[in-house]
file my_file_12.cif (mmCIF, C-alpha atoms)
data_data
#
loop_
_atom_site.label_atom_id
_atom_site.label_comp_id
_atom_site.auth_asym_id
_atom_site.auth_seq_id
_atom_site.Cartn_x
_atom_site.Cartn_y
_atom_site.Cartn_z
CA MET A 1 133.04 79.54 88.25
CA LYS A 2 135.56 79.74 85.46
CA SER A 3 135.39 77.89 82.20
CA VAL A 4 136.55 78.13 78.63
CA LEU A 5 134.38 76.82 75.86
CA ARG A 6 135.60 75.79 72.41
CA ILE A 7 132.84 75.48 69.85
CA THR A 8 133.57 74.38 66.35
CA GLY A 9 131.52 74.21 63.19
CA ALA A 10 128.17 75.76 62.42
CA SER A 11 127.26 79.34 62.99
CA PHE A 12 129.42 81.41 65.27
CA GLY A 13 126.22 83.06 66.46
CA ILE A 14 126.09 80.57 69.29
CA ILE A 15 129.25 82.02 70.64
CA ALA A 16 127.60 85.31 71.30
CA VAL A 17 125.04 83.49 73.34
CA VAL A 18 127.58 81.88 75.54
CA ALA A 19 129.24 85.22 75.87
CA VAL A 20 126.05 86.75 77.10
CA VAL A 21 125.70 84.07 79.68
CA ALA A 22 128.76 85.70 80.73
CA VAL A 23 131.59 86.75 82.66
CA LEU A 24 130.75 88.06 86.04
CA VAL A 25 134.12 89.11 87.41
CA ASN A 26 134.98 90.53 90.80
CA TYR A 27 137.83 92.89 90.14
CA ASN A 28 139.58 92.50 93.49
CA ALA A 29 139.43 88.71 93.39
CA VAL A 30 140.97 88.69 89.92
CA LYS A 31 143.68 91.10 90.93
CA ARG A 32 144.85 88.81 93.76
CA HIS A 33 145.51 86.05 91.23
CA LEU A 34 147.04 88.03 88.39
CA TRP A 35 150.45 86.42 88.85
CA ILE A 36 149.07 83.33 87.12
CA PHE A 37 148.51 85.13 83.87
CA ALA A 38 150.56 86.94 81.27
CA LYS A 39 151.74 90.45 81.95
CA GLN A 40 150.69 92.04 78.66
CA SER A 41 148.37 95.03 78.80
CA VAL A 42 145.12 95.64 76.99
CA PRO A 43 145.60 98.16 74.16
CA HIS A 44 144.73 101.74 75.09
CA GLU A 45 142.17 101.85 72.27
CA TYR A 46 140.04 99.36 74.20
CA THR A 47 140.39 101.44 77.35
CA ASP A 48 139.15 104.55 75.56
CA ARG A 49 136.26 102.75 73.89
CA PHE A 50 135.11 100.98 77.06
CA MET A 51 135.02 104.36 78.77
CA ARG A 52 132.26 105.31 76.32
CA ASN A 53 130.56 102.00 75.52
CA HIS A 54 129.43 98.71 77.01
CA ILE A 55 130.25 96.86 73.80
CA ILE A 56 133.40 96.44 71.72
CA ASP A 57 132.48 94.38 68.65
CA ASP A 58 135.48 94.22 66.35
CA ALA A 59 134.36 90.74 65.25
CA GLY A 60 131.09 92.04 63.79
CA VAL A 61 128.91 89.71 65.83
CA ILE A 62 126.22 92.02 67.21
CA THR A 63 123.63 94.03 65.33
CA GLU A 64 121.35 96.68 66.83
CA ARG A 65 124.27 97.73 68.98
CA GLU A 66 122.75 101.02 70.10
CA LYS A 67 119.71 99.27 71.55
CA PHE A 68 121.92 96.90 73.52
CA GLU A 69 124.01 99.82 74.77
CA HIS A 70 120.90 101.50 76.14
CA TYR A 71 119.60 98.27 77.68
CA LEU A 72 122.90 97.49 79.42
CA GLY A 73 123.11 101.06 80.66
CA TRP A 74 119.65 100.83 82.19
CA ILE A 75 120.52 97.50 83.84
CA PHE A 76 123.51 99.19 85.48
CA GLU A 77 121.44 102.14 86.65
CA GLU A 78 118.84 99.78 88.08
CA SER A 79 120.93 96.99 89.61
CA ASP A 80 124.52 98.26 89.87
CA VAL A 81 125.73 95.32 87.74
CA ASP A 82 128.12 96.47 85.00
CA ILE A 83 127.82 94.21 81.94
CA ARG A 84 130.36 94.57 79.11
CA PHE A 85 130.81 92.76 75.78
CA MET A 86 134.10 92.33 73.97
CA PHE A 87 134.17 90.49 70.64
CA VAL A 88 137.56 90.37 68.91
CA PRO A 89 138.55 88.91 65.51
CA SER A 90 141.68 87.29 66.97
CA ILE A 91 143.54 87.13 70.28
CA LYS A 92 146.75 86.35 68.32
CA ASP A 93 149.45 84.91 70.59
CA GLN A 94 147.56 85.42 73.83
CA THR A 95 145.33 82.91 75.54
CA ILE A 96 141.72 83.85 76.05
CA GLU A 97 142.25 83.46 79.80
CA ASP A 98 145.04 86.02 79.76
CA LEU A 99 143.08 88.54 77.74
CA ALA A 100 139.98 88.19 79.88
CA VAL A 101 141.83 88.85 83.11
CA GLN A 102 143.92 91.65 81.61
CA THR A 103 140.80 93.32 80.26
CA VAL A 104 139.04 93.22 83.62
CA ASP A 105 142.14 94.44 85.43
CA ASP A 106 143.30 97.15 83.03
CA LEU A 107 139.85 98.49 82.23
CA ARG A 108 138.51 98.03 85.76
CA ILE A 109 135.23 96.65 84.49
CA GLY A 110 132.70 97.05 87.26
CA GLY A 111 134.84 99.71 88.93
CA ASP A 112 132.04 102.25 88.72
CA SER A 113 129.56 100.00 90.48
CA LYS A 114 129.08 100.16 94.22
CA ASP A 115 130.86 96.86 94.91
CA GLU A 116 132.87 96.65 91.67
CA ARG A 117 130.46 94.08 90.26
CA GLY A 118 131.52 93.68 86.67
CA VAL A 119 130.53 91.44 83.80
CA LEU A 120 132.95 90.82 80.94
CA LEU A 121 131.86 88.86 77.88
CA LEU A 122 134.92 87.96 75.80
CA TYR A 123 134.66 86.17 72.45
CA ASP A 124 137.46 85.36 70.01
CA LEU A 125 136.09 84.87 66.49
CA GLU A 126 139.21 83.21 65.05
CA SER A 127 139.39 80.39 67.59
CA GLN A 128 135.65 80.51 68.35
CA GLN A 129 136.31 80.55 72.07
CA VAL A 130 134.48 82.34 74.83
CA ARG A 131 135.73 83.16 78.28
CA ILE A 132 133.06 82.86 80.97
CA GLU A 133 133.70 83.89 84.55
CA VAL A 134 131.35 84.44 87.46
CA GLY A 135 132.48 86.93 90.07
CA TYR A 136 132.50 85.90 93.69
CA GLY A 137 130.30 88.83 94.69
CA LEU A 138 127.47 87.83 92.39
CA GLU A 139 126.70 84.22 93.36
CA ALA A 140 123.25 85.26 94.56
CA TYR A 141 122.49 86.71 91.16
CA PHE A 142 123.90 83.85 89.09
CA THR A 143 123.98 80.64 91.11
CA ASP A 144 125.85 77.59 89.86
CA ALA A 145 122.51 75.95 89.04
CA PHE A 146 121.36 78.90 86.95
CA VAL A 147 124.66 79.36 85.09
CA SER A 148 124.94 75.62 84.48
CA TYR A 149 121.43 75.61 83.06
CA LEU A 150 122.15 78.52 80.75
CA ILE A 151 125.33 76.90 79.45
CA ASP A 152 123.93 73.40 79.07
CA ASP A 153 120.44 74.17 77.82
CA HIS A 154 120.46 77.65 76.27
CA VAL A 155 123.82 78.27 74.64
CA ASN A 156 122.96 76.20 71.60
CA VAL A 157 119.35 77.40 71.41
CA PHE A 158 119.35 81.19 71.60
CA PHE A 159 121.45 81.81 68.53
CA ALA A 160 120.65 78.67 66.60
CA SER A 161 118.43 80.77 64.36
CA ASP A 162 119.27 83.49 61.86
CA ASN A 163 117.96 86.22 64.16
CA MET A 164 120.96 86.70 66.42
CA SER A 165 119.76 90.00 67.85
CA LEU A 166 116.48 88.49 69.00
CA GLY A 167 118.29 85.61 70.66
CA LEU A 168 120.71 87.96 72.39
CA ARG A 169 117.85 90.12 73.59
CA PHE A 170 116.05 87.13 75.09
CA LEU A 171 119.18 85.96 76.87
CA ILE A 172 119.88 89.40 78.35
CA ARG A 173 116.27 89.52 79.49
CA MET A 174 116.78 86.21 81.23
CA LEU A 175 119.93 87.41 82.95
CA HIS A 176 118.23 90.67 83.87
CA PHE A 177 115.23 88.81 85.29
CA ASN A 178 117.52 86.69 87.45
CA ILE A 179 119.30 89.81 88.74
CA ARG A 180 115.95 91.28 89.70
CA GLU A 181 114.82 88.05 91.35
CA ALA A 182 118.02 87.93 93.40
CA ILE A 183 117.55 91.56 94.47
CA LEU A 184 114.10 90.56 95.77
CA GLY A 185 115.62 87.60 97.65
CA HIS A 186 114.26 84.92 95.31
CA GLU A 187 116.51 82.01 94.43
CA PHE A 188 116.62 80.25 91.08
CA ASP A 189 114.42 77.15 91.33
CA PRO A 190 116.25 74.20 89.72
CA ARG A 191 113.06 72.09 89.74
CA VAL A 192 111.85 73.83 86.61
CA VAL A 193 115.07 72.76 84.89
CA GLU A 194 114.30 69.15 85.72
CA ILE A 195 110.78 69.54 84.36
CA ILE A 196 112.17 70.96 81.13
CA ARG A 197 114.89 68.32 80.81
CA ASN A 198 112.55 65.45 81.60
CA SER A 199 109.95 66.52 79.07
CA PRO A 200 109.99 64.07 76.14
CA HIS A 201 109.41 66.96 73.72
CA LEU A 202 112.13 69.33 74.84
CA SER A 203 115.84 69.08 74.27
CA GLY A 204 118.06 68.99 77.32
CA GLY A 205 121.38 67.84 78.66
CA ALA A 206 123.36 68.85 75.56
CA GLY A 207 126.85 69.89 76.59
CA SER A 208 128.08 73.42 76.23
CA THR A 209 130.60 72.35 73.59
CA ASP A 210 128.02 70.91 71.20
CA ARG A 211 127.86 71.98 67.57
CA ILE A 212 124.96 74.03 66.40
CA ASP A 213 122.63 72.14 64.13
CA GLY A 214 119.77 74.63 63.93
CA PRO A 215 116.78 75.84 65.90
CA ARG A 216 115.21 73.32 68.24
CA MET A 217 111.74 74.82 68.28
CA THR A 218 109.79 72.80 65.73
CA ARG A 219 107.25 74.60 63.57
CA ILE A 220 104.67 72.36 62.00
CA ASP A 221 102.32 72.65 59.06
CA THR A 222 98.85 73.57 60.26
CA SER A 223 97.36 70.79 58.13
CA SER A 224 99.63 68.03 59.44
CA ASP A 225 98.41 65.20 61.66
CA LEU A 226 100.35 66.59 64.60
CA ALA A 227 98.80 70.02 64.13
CA ILE A 228 95.32 68.51 64.09
CA GLN A 229 96.14 66.56 67.23
CA MET A 230 97.32 69.72 68.98
CA LYS A 231 94.21 71.59 67.90
CA ASN A 232 92.15 68.88 69.59
CA VAL A 233 94.17 69.15 72.82
CA PHE A 234 94.78 72.87 73.31
CA LEU A 235 91.18 74.01 73.42
CA PRO A 236 89.23 76.66 75.34
CA GLN A 237 88.77 75.63 78.97
CA GLN A 238 85.99 75.73 81.52
CA THR A 239 87.81 78.15 83.83
CA PRO A 240 90.60 80.73 83.44
CA ASP A 241 92.74 78.67 85.84
CA GLU A 242 92.41 75.62 83.61
CA ALA A 243 93.24 77.72 80.56
CA TYR A 244 96.45 78.91 82.24
CA GLU A 245 97.45 75.37 83.16
CA MET A 246 96.86 74.33 79.55
CA TYR A 247 99.01 77.27 78.43
CA LEU A 248 101.92 75.96 80.55
CA ARG A 249 101.45 72.54 78.93
CA TRP A 250 101.55 74.20 75.52
CA LEU A 251 104.85 75.88 76.44
CA MET A 252 106.36 72.55 77.46
CA ASN A 253 105.19 70.71 74.39
CA GLY A 254 108.27 71.69 72.38
CA VAL A 255 106.33 72.24 69.17
CA PHE A 256 105.40 75.73 68.10
CA MET A 257 101.80 75.60 67.00
CA PRO A 258 100.09 78.96 67.60
CA ARG A 259 96.92 78.13 65.65
CA VAL A 260 95.09 76.49 68.54
CA ASP A 261 91.83 77.69 70.07
CA LEU A 262 93.31 77.96 73.54
CA PHE A 263 94.28 81.42 72.25
CA THR A 264 92.05 84.11 70.82
CA THR A 265 92.11 84.63 67.07
CA HIS A 266 94.13 87.84 67.41
CA THR A 267 96.60 86.09 69.70
CA GLN A 268 97.06 83.29 67.17
CA GLY A 269 97.88 85.77 64.44
CA MET A 270 100.34 87.62 66.66
CA LEU A 271 102.14 84.46 67.76
CA ALA A 272 102.34 83.15 64.20
CA GLY A 273 104.50 86.17 63.31
CA PHE A 274 106.97 85.66 66.16
CA PRO A 275 110.39 84.01 65.54
CA ILE A 276 109.85 81.84 68.61
CA SER A 277 112.60 79.61 70.01
CA THR A 278 112.61 76.88 72.62
CA ALA A 279 114.70 79.18 74.77
CA TYR A 280 111.91 81.74 74.87
CA PHE A 281 109.47 79.10 76.05
CA HIS A 282 111.96 78.05 78.74
CA TYR A 283 112.29 81.68 79.78
CA ILE A 284 108.54 81.96 80.42
CA LEU A 285 108.45 78.70 82.34
CA ILE A 286 111.36 79.74 84.54
CA ARG A 287 109.70 83.09 85.24
CA GLU A 288 106.32 81.66 86.22
CA TYR A 289 106.95 78.18 87.58
CA GLY A 290 105.78 77.79 91.18
CA LYS A 291 104.58 81.39 91.53
CA GLU A 292 101.36 82.23 93.36
CA TYR A 293 98.58 83.98 91.48
CA HIS A 294 94.97 85.10 91.67
CA PHE A 295 92.20 85.49 89.09
CA ASP A 296 89.85 88.47 89.10
CA ILE A 297 86.86 87.34 87.02
CA ARG A 298 84.22 89.78 85.86
CA GLY A 299 81.63 88.41 83.50
CA ASP A 300 83.37 87.10 80.38
CA LEU A 301 86.71 88.74 81.24
CA ALA A 302 89.47 87.76 83.66
CA ILE A 303 92.87 89.09 84.67
CA GLN A 304 95.45 86.84 86.28
CA TYR A 305 98.00 88.60 88.49
CA PHE A 306 100.83 87.21 90.57
CA THR A 307 100.84 87.73 94.32
CA ASN A 308 104.39 86.76 95.34
CA ASP A 309 106.48 88.22 92.53
CA PRO A 310 106.23 91.85 91.32
CA LEU A 311 108.18 91.10 88.15
CA ILE A 312 105.69 88.87 86.33
CA CYS A 313 103.22 90.59 84.05
CA PRO A 314 99.46 89.91 84.34
CA HIS A 315 97.71 87.63 81.86
CA PHE A 316 94.34 88.33 80.22
CA PHE A 317 91.54 85.86 79.47
CA ILE A 318 88.21 86.09 77.69
CA LYS A 319 85.28 83.67 77.59
CA SER A 320 83.95 82.67 74.18
CA GLU A 321 81.02 80.42 73.40
CA HIS A 322 83.42 77.46 73.65
CA GLY A 323 85.16 78.41 76.89
CA TRP A 324 87.98 80.53 78.32
CA GLN A 325 90.79 81.60 76.00
CA MET A 326 94.09 83.35 76.64
CA ASP A 327 94.26 86.85 75.19
CA MET A 328 97.97 87.57 74.77
CA ARG A 329 97.25 90.37 72.33
CA ALA A 330 95.60 92.26 75.20
CA GLU A 331 98.70 91.68 77.33
CA VAL A 332 100.94 93.15 74.64
CA ASN A 333 98.63 96.14 74.21
CA ASN A 334 98.03 96.86 77.89
CA ILE A 335 101.27 96.02 79.70
CA ARG A 336 104.39 98.16 79.35
CA ARG A 337 107.77 96.58 80.16
CA ARG A 338 110.04 98.83 82.19
CA VAL A 339 113.76 98.87 82.92
CA GLY A 340 115.82 101.19 85.10
CA GLY A 341 113.13 101.92 87.70
CA VAL A 342 111.33 100.45 90.69
CA TYR A 343 108.95 98.29 88.65
CA ALA A 344 109.44 95.85 85.77
CA TRP A 345 106.02 96.56 84.28
CA ASP A 346 103.03 98.84 84.54
CA TYR A 347 99.56 99.05 83.04
CA GLY A 348 99.17 101.20 79.95
CA GLY A 349 95.70 100.30 78.66
CA GLN A 350 93.24 103.08 77.87
CA GLU A 351 89.74 102.36 76.57
CA ASP A 352 89.80 98.63 75.77
CA ILE A 353 87.32 96.18 77.29
CA TYR A 354 89.72 95.05 80.04
CA THR A 355 90.62 98.56 81.16
CA ARG A 356 86.94 99.51 81.38
CA ALA A 357 86.04 96.33 83.29
CA PHE A 358 88.91 96.49 85.79
CA LYS A 359 89.38 100.25 86.05
CA ASP A 360 88.69 100.22 89.80
CA GLN A 361 91.63 97.82 90.28
CA LEU A 362 94.20 100.21 88.76
CA ILE A 363 96.31 102.16 91.25
CA ASN A 364 99.08 104.73 90.81
CA ILE A 365 102.31 104.03 92.71
CA LYS A 366 105.04 106.61 92.13
CA GLY A 367 103.83 107.21 88.60
CA TYR A 368 103.47 103.50 87.73
CA ILE A 369 99.98 102.12 87.10
CA ARG A 370 99.70 98.75 88.85
CA LEU A 371 96.94 96.33 89.77
CA ARG A 372 95.48 96.33 93.25
CA GLY A 373 96.09 92.96 94.93
CA CYS A 374 99.16 91.91 92.95
CA ASP A 375 102.65 91.93 94.44
CA ASN A 376 103.49 95.62 94.35
CA ARG A 377 106.85 95.53 96.10
CA MET A 378 109.23 98.04 94.57
CA LEU A 379 112.66 97.00 93.31
CA PRO A 380 115.58 98.50 95.21
CA VAL A 381 117.48 100.42 92.55
CA ARG A 382 121.02 101.70 92.41
CA GLY A 383 121.60 104.48 94.91
CA SER A 384 118.37 103.85 96.83
#

call {"tool": "encode", "arguments": {"input": "my_file_12.cif", "output": "structure tokens"}}
result
Amino acid sequence: MKSVLRITGASFGIIAVVAVVAVLVNYNAVKRHLWIFAKQSVPHEYTDRFMRNHIIDDAGVITEREKFEHYLGWIFEESDVDIRFMFVPSIKDQTIEDLAVQTVDDLRIGGDSKDERGVLLLYDLESQQVRIEVGYGLEAYFTDAFVSYLIDDHVNVFFASDNMSLGLRFLIRMLHFNIREAILGHEFDPRVVEIIRNSPHLSGGAGSTDRIDGPRMTRIDTSSDLAIQMKNVFLPQQTPDEAYEMYLRWLMNGVFMPRVDLFTTHTQGMLAGFPISTAYFHYILIREYGKEYHFDIRGDLAIQYFTNDPLICPHFFIKSEHGWQMDMRAEVNNIRRRVGGVYAWDYGGQEDIYTRAFKDQLINIKGYIRLRGCDNRMLPVRGS
């Protein structure tokens, strides 16, 4: 898939998002078609800098660069997919198509991976254009349905807020998750896209060339009529399973209202401090939609773990006098996200109520603490 997007107006932050969606280029395939493009070479300064870094940001688009460098490096070590960012203030007399192909060819992006699987993200600040290409060797990782969804539904959501770094991080997580799913043989399920698009509360179908008008996740005043209505809907449930189903409904509602009793008090406070976007909600739905799971219930505590996907973190639930509530604070405290190894998460809890109650379910697999009964397949990593 090859496409050029021109986005005008509003914040250029959206461009970075599209860039991240990004340019998966197969070096050999590009080389066979180089005669189409200009013959100019990429400056040697870019060659030298790409030898040391995953990111060239002469346009000043990305903050927290060092963190992204580490993350992209770990993705390469884990999956053998080489992701690079190139943000330039101006492409001058060149076309963005020319520069993208020249950069891939001259710098041999992906050349260090096993099958030369490279990702180039090229953004021109002056013209506000992004070059997006998907390499032929990576269709299983980024199917047309998945890439189309990212462009159509996420480009103008991830960076429609002031926190560009957070949006970029979420998008890379989404791409990384899809790489991991493809490695496990799981295909992107387009049905969840239809659910999202058909929801009356969620935005969908906006073209990839739309202007950016601001965040789409609506925050509401806790004293408003809508907030009161949501408080009366998203309540503690009779079973943990029903609480989880209500949680998915909350995600799809399109209105960010954390102060509901479906969540524990500590969870509500934690969520209220998050700069949540619609894209993040979509990310969770895409991760968990249609996956099989099991509840281990012990007294007033329950852990939900997934039995056909080793990537999805467990959820924690606690029973109050009004019913079962979701305890996302416990999930944050007890689950450690991993990158660069054979597992995407492991259990890190120590002496909290859940760890004491489910201690006999914790098992050690190659130094990772996992839950007995969940999908404990290990990710094939680079070189294995």

call {"tool": "atom_distance", "arguments": {"input": "my_file_12.cif", "atom1": "atom CA of A:Val104", "atom2": "atom CA of A:His54"}}
result
12.9 Å

call {"tool": "residues_around", "arguments": {"input": "my_file_12.cif", "residues": "stretch 309-322 of chain A", "least_positions_apart": "2", "cutoff": "8 Å", "atoms": "all atoms listed in the file", "output": "number ranges by chain"}}
result
A: 177, 180-181, 236-237, 240, 287-288, 291-292, 300-307, 324-328, 330-331, 335, 343-345, 374-378

call {"tool": "residues_around", "arguments": {"input": "my_file_12.cif", "residues": "A:Asp360", "least_positions_apart": "4", "cutoff": "10 Å", "atoms": "all atoms listed in the file", "output": "ChimeraX atom specification"}}
result
/A:355-356,371-372

call {"tool": "resolve_selection", "arguments": {"input": "my_file_12.cif", "expression": "the PyMOL selection byres ((chain A and resi 190) around 10)", "output": "PDB file with C-alpha atoms, in the frame of the given file"}}
result
ATOM      1  CA  ALA A 145     122.510  75.950  89.040  1.00  0.00           C
ATOM      2  CA  PHE A 146     121.360  78.900  86.950  1.00  0.00           C
ATOM      3  CA  TYR A 149     121.430  75.610  83.060  1.00  0.00           C
ATOM      4  CA  GLU A 187     116.510  82.010  94.430  1.00  0.00           C
ATOM      5  CA  PHE A 188     116.620  80.250  91.080  1.00  0.00           C
ATOM      6  CA  ASP A 189     114.420  77.150  91.330  1.00  0.00           C
ATOM      7  CA  ARG A 191     113.060  72.090  89.740  1.00  0.00           C
ATOM      8  CA  VAL A 192     111.850  73.830  86.610  1.00  0.00           C
ATOM      9  CA  VAL A 193     115.070  72.760  84.890  1.00  0.00           C
ATOM     10  CA  GLU A 194     114.300  69.150  85.720  1.00  0.00           C
ATOM     11  CA  ILE A 195     110.780  69.540  84.360  1.00  0.00           C
ATOM     12  CA  ILE A 286     111.360  79.740  84.540  1.00  0.00           C
TER      13      ILE A 286
END

call {"tool": "atom_distance", "arguments": {"input": "my_file_12.cif", "atom1": "atom CA of A:Thr63", "atom2": "atom CA of A:Phe281"}}
result
23.2 Å

call {"tool": "resolve_selection", "arguments": {"input": "my_file_12.cif", "expression": "the PyMOL selection byres ((chain A and resi 179) around 9)", "output": "mmCIF file with C-alpha atoms, in the coordinates of the input"}}
result
data_model
loop_
_atom_site.group_PDB
_atom_site.id
_atom_site.type_symbol
_atom_site.label_atom_id
_atom_site.label_comp_id
_atom_site.auth_asym_id
_atom_site.auth_seq_id
_atom_site.Cartn_x
_atom_site.Cartn_y
_atom_site.Cartn_z
ATOM 1 C CA SER A 79 120.930 96.990 89.610
ATOM 2 C CA VAL A 81 125.730 95.320 87.740
ATOM 3 C CA ALA A 140 123.250 85.260 94.560
ATOM 4 C CA TYR A 141 122.490 86.710 91.160
ATOM 5 C CA PHE A 142 123.900 83.850 89.090
ATOM 6 C CA MET A 174 116.780 86.210 81.230
ATOM 7 C CA LEU A 175 119.930 87.410 82.950
ATOM 8 C CA HIS A 176 118.230 90.670 83.870
ATOM 9 C CA PHE A 177 115.230 88.810 85.290
ATOM 10 C CA ASN A 178 117.520 86.690 87.450
ATOM 11 C CA ARG A 180 115.950 91.280 89.700
ATOM 12 C CA GLU A 181 114.820 88.050 91.350
ATOM 13 C CA ALA A 182 118.020 87.930 93.400
ATOM 14 C CA ILE A 183 117.550 91.560 94.470
ATOM 15 C CA LEU A 184 114.100 90.560 95.770
#

call {"tool": "residues_around", "arguments": {"input": "my_file_12.cif", "residues": "A:Tyr347", "least_positions_apart": "6", "cutoff": "7 Å", "atoms": "all atoms listed in the file", "output": "PyMOL selection string"}}
result
chain A and resi 334-336+369-370

call {"tool": "atom_distance", "arguments": {"input": "my_file_12.cif", "atom1": "atom CA of A:Asn364", "atom2": "atom CA of A:Arg337"}}
result
16.0 Å

call {"tool": "closest_residue", "arguments": {"input": "my_file_12.cif", "among": "A:Ile297, A:Ile96, A:Met252, A:Ala357", "to": "A:Asn198", "atoms": "only C-alpha atoms"}}
result
A:Met252

call {"tool": "closest_residue", "arguments": {"input": "my_file_12.cif", "among": "A:Tyr293, A:Phe85, A:Phe68, A:Phe274", "to": "A:Ile55", "atoms": "only C-alpha atoms"}}
result
A:Phe85

call {"tool": "build_atoms", "arguments": {"input": "my_file_12.cif", "residues": "stretch 250-256 of chain A", "atoms": "all heavy atoms", "output": "PDB file, in the coordinates of the input"}}
result
ATOM      1  N   TRP A 250     101.214  73.820  76.898  1.00  0.00           N
ATOM      2  CA  TRP A 250     101.550  74.200  75.520  1.00  0.00           C
ATOM      3  C   TRP A 250     102.999  74.655  75.435  1.00  0.00           C
ATOM      4  O   TRP A 250     103.703  74.321  74.477  1.00  0.00           O
ATOM      5  CB  TRP A 250     100.594  75.306  75.077  1.00  0.00           C
ATOM      6  CG  TRP A 250     100.833  75.841  73.698  1.00  0.00           C
ATOM      7  CD1 TRP A 250     100.458  75.264  72.512  1.00  0.00           C
ATOM      8  CD2 TRP A 250     101.500  77.060  73.352  1.00  0.00           C
ATOM      9  NE1 TRP A 250     100.843  76.056  71.452  1.00  0.00           N
ATOM     10  CE2 TRP A 250     101.482  77.170  71.938  1.00  0.00           C
ATOM     11  CE3 TRP A 250     102.097  78.071  74.087  1.00  0.00           C
ATOM     12  CZ2 TRP A 250     102.045  78.247  71.262  1.00  0.00           C
ATOM     13  CZ3 TRP A 250     102.660  79.150  73.418  1.00  0.00           C
ATOM     14  CH2 TRP A 250     102.637  79.233  72.019  1.00  0.00           C
ATOM     15  N   LEU A 251     103.471  75.424  76.427  1.00  0.00           N
ATOM     16  CA  LEU A 251     104.850  75.880  76.440  1.00  0.00           C
ATOM     17  C   LEU A 251     105.825  74.703  76.498  1.00  0.00           C
ATOM     18  O   LEU A 251     106.882  74.710  75.858  1.00  0.00           O
ATOM     19  CB  LEU A 251     105.108  76.790  77.642  1.00  0.00           C
ATOM     20  CG  LEU A 251     104.508  78.198  77.596  1.00  0.00           C
ATOM     21  CD1 LEU A 251     104.711  78.880  78.943  1.00  0.00           C
ATOM     22  CD2 LEU A 251     105.124  79.024  76.482  1.00  0.00           C
ATOM     23  N   MET A 252     105.472  73.690  77.256  1.00  0.00           N
ATOM     24  CA  MET A 252     106.360  72.550  77.460  1.00  0.00           C
ATOM     25  C   MET A 252     106.296  71.537  76.338  1.00  0.00           C
ATOM     26  O   MET A 252     107.099  70.598  76.296  1.00  0.00           O
ATOM     27  CB  MET A 252     106.044  71.865  78.794  1.00  0.00           C
ATOM     28  CG  MET A 252     106.322  72.733  80.000  1.00  0.00           C
ATOM     29  SD  MET A 252     106.054  71.845  81.543  1.00  0.00           S
ATOM     30  CE  MET A 252     107.272  70.555  81.373  1.00  0.00           C
ATOM     31  N   ASN A 253     105.381  71.712  75.435  1.00  0.00           N
ATOM     32  CA  ASN A 253     105.190  70.710  74.390  1.00  0.00           C
ATOM     33  C   ASN A 253     106.354  70.610  73.422  1.00  0.00           C
ATOM     34  O   ASN A 253     106.601  69.574  72.822  1.00  0.00           O
ATOM     35  CB  ASN A 253     103.897  71.014  73.612  1.00  0.00           C
ATOM     36  CG  ASN A 253     103.495  69.909  72.686  1.00  0.00           C
ATOM     37  OD1 ASN A 253     103.234  68.793  73.123  1.00  0.00           O
ATOM     38  ND2 ASN A 253     103.457  70.192  71.396  1.00  0.00           N
ATOM     39  N   GLY A 254     107.095  71.721  73.245  1.00  0.00           N
ATOM     40  CA  GLY A 254     108.270  71.690  72.380  1.00  0.00           C
ATOM     41  C   GLY A 254     107.987  71.839  70.911  1.00  0.00           C
ATOM     42  O   GLY A 254     108.890  71.779  70.087  1.00  0.00           O
ATOM     43  N   VAL A 255     106.722  72.033  70.562  1.00  0.00           N
ATOM     44  CA  VAL A 255     106.330  72.240  69.170  1.00  0.00           C
ATOM     45  C   VAL A 255     105.582  73.553  69.084  1.00  0.00           C
ATOM     46  O   VAL A 255     104.628  73.782  69.831  1.00  0.00           O
ATOM     47  CB  VAL A 255     105.432  71.088  68.659  1.00  0.00           C
ATOM     48  CG1 VAL A 255     104.942  71.384  67.254  1.00  0.00           C
ATOM     49  CG2 VAL A 255     106.172  69.771  68.714  1.00  0.00           C
ATOM     50  N   PHE A 256     106.029  74.425  68.192  1.00  0.00           N
ATOM     51  CA  PHE A 256     105.400  75.730  68.100  1.00  0.00           C
ATOM     52  C   PHE A 256     104.216  75.668  67.161  1.00  0.00           C
ATOM     53  O   PHE A 256     104.354  75.626  65.939  1.00  0.00           O
ATOM     54  CB  PHE A 256     106.412  76.773  67.615  1.00  0.00           C
ATOM     55  CG  PHE A 256     105.847  78.161  67.574  1.00  0.00           C
ATOM     56  CD1 PHE A 256     105.285  78.723  68.708  1.00  0.00           C
ATOM     57  CD2 PHE A 256     105.865  78.906  66.409  1.00  0.00           C
ATOM     58  CE1 PHE A 256     104.744  80.002  68.692  1.00  0.00           C
ATOM     59  CE2 PHE A 256     105.344  80.190  66.376  1.00  0.00           C
ATOM     60  CZ  PHE A 256     104.790  80.736  67.513  1.00  0.00           C
TER      61      PHE A 256
END
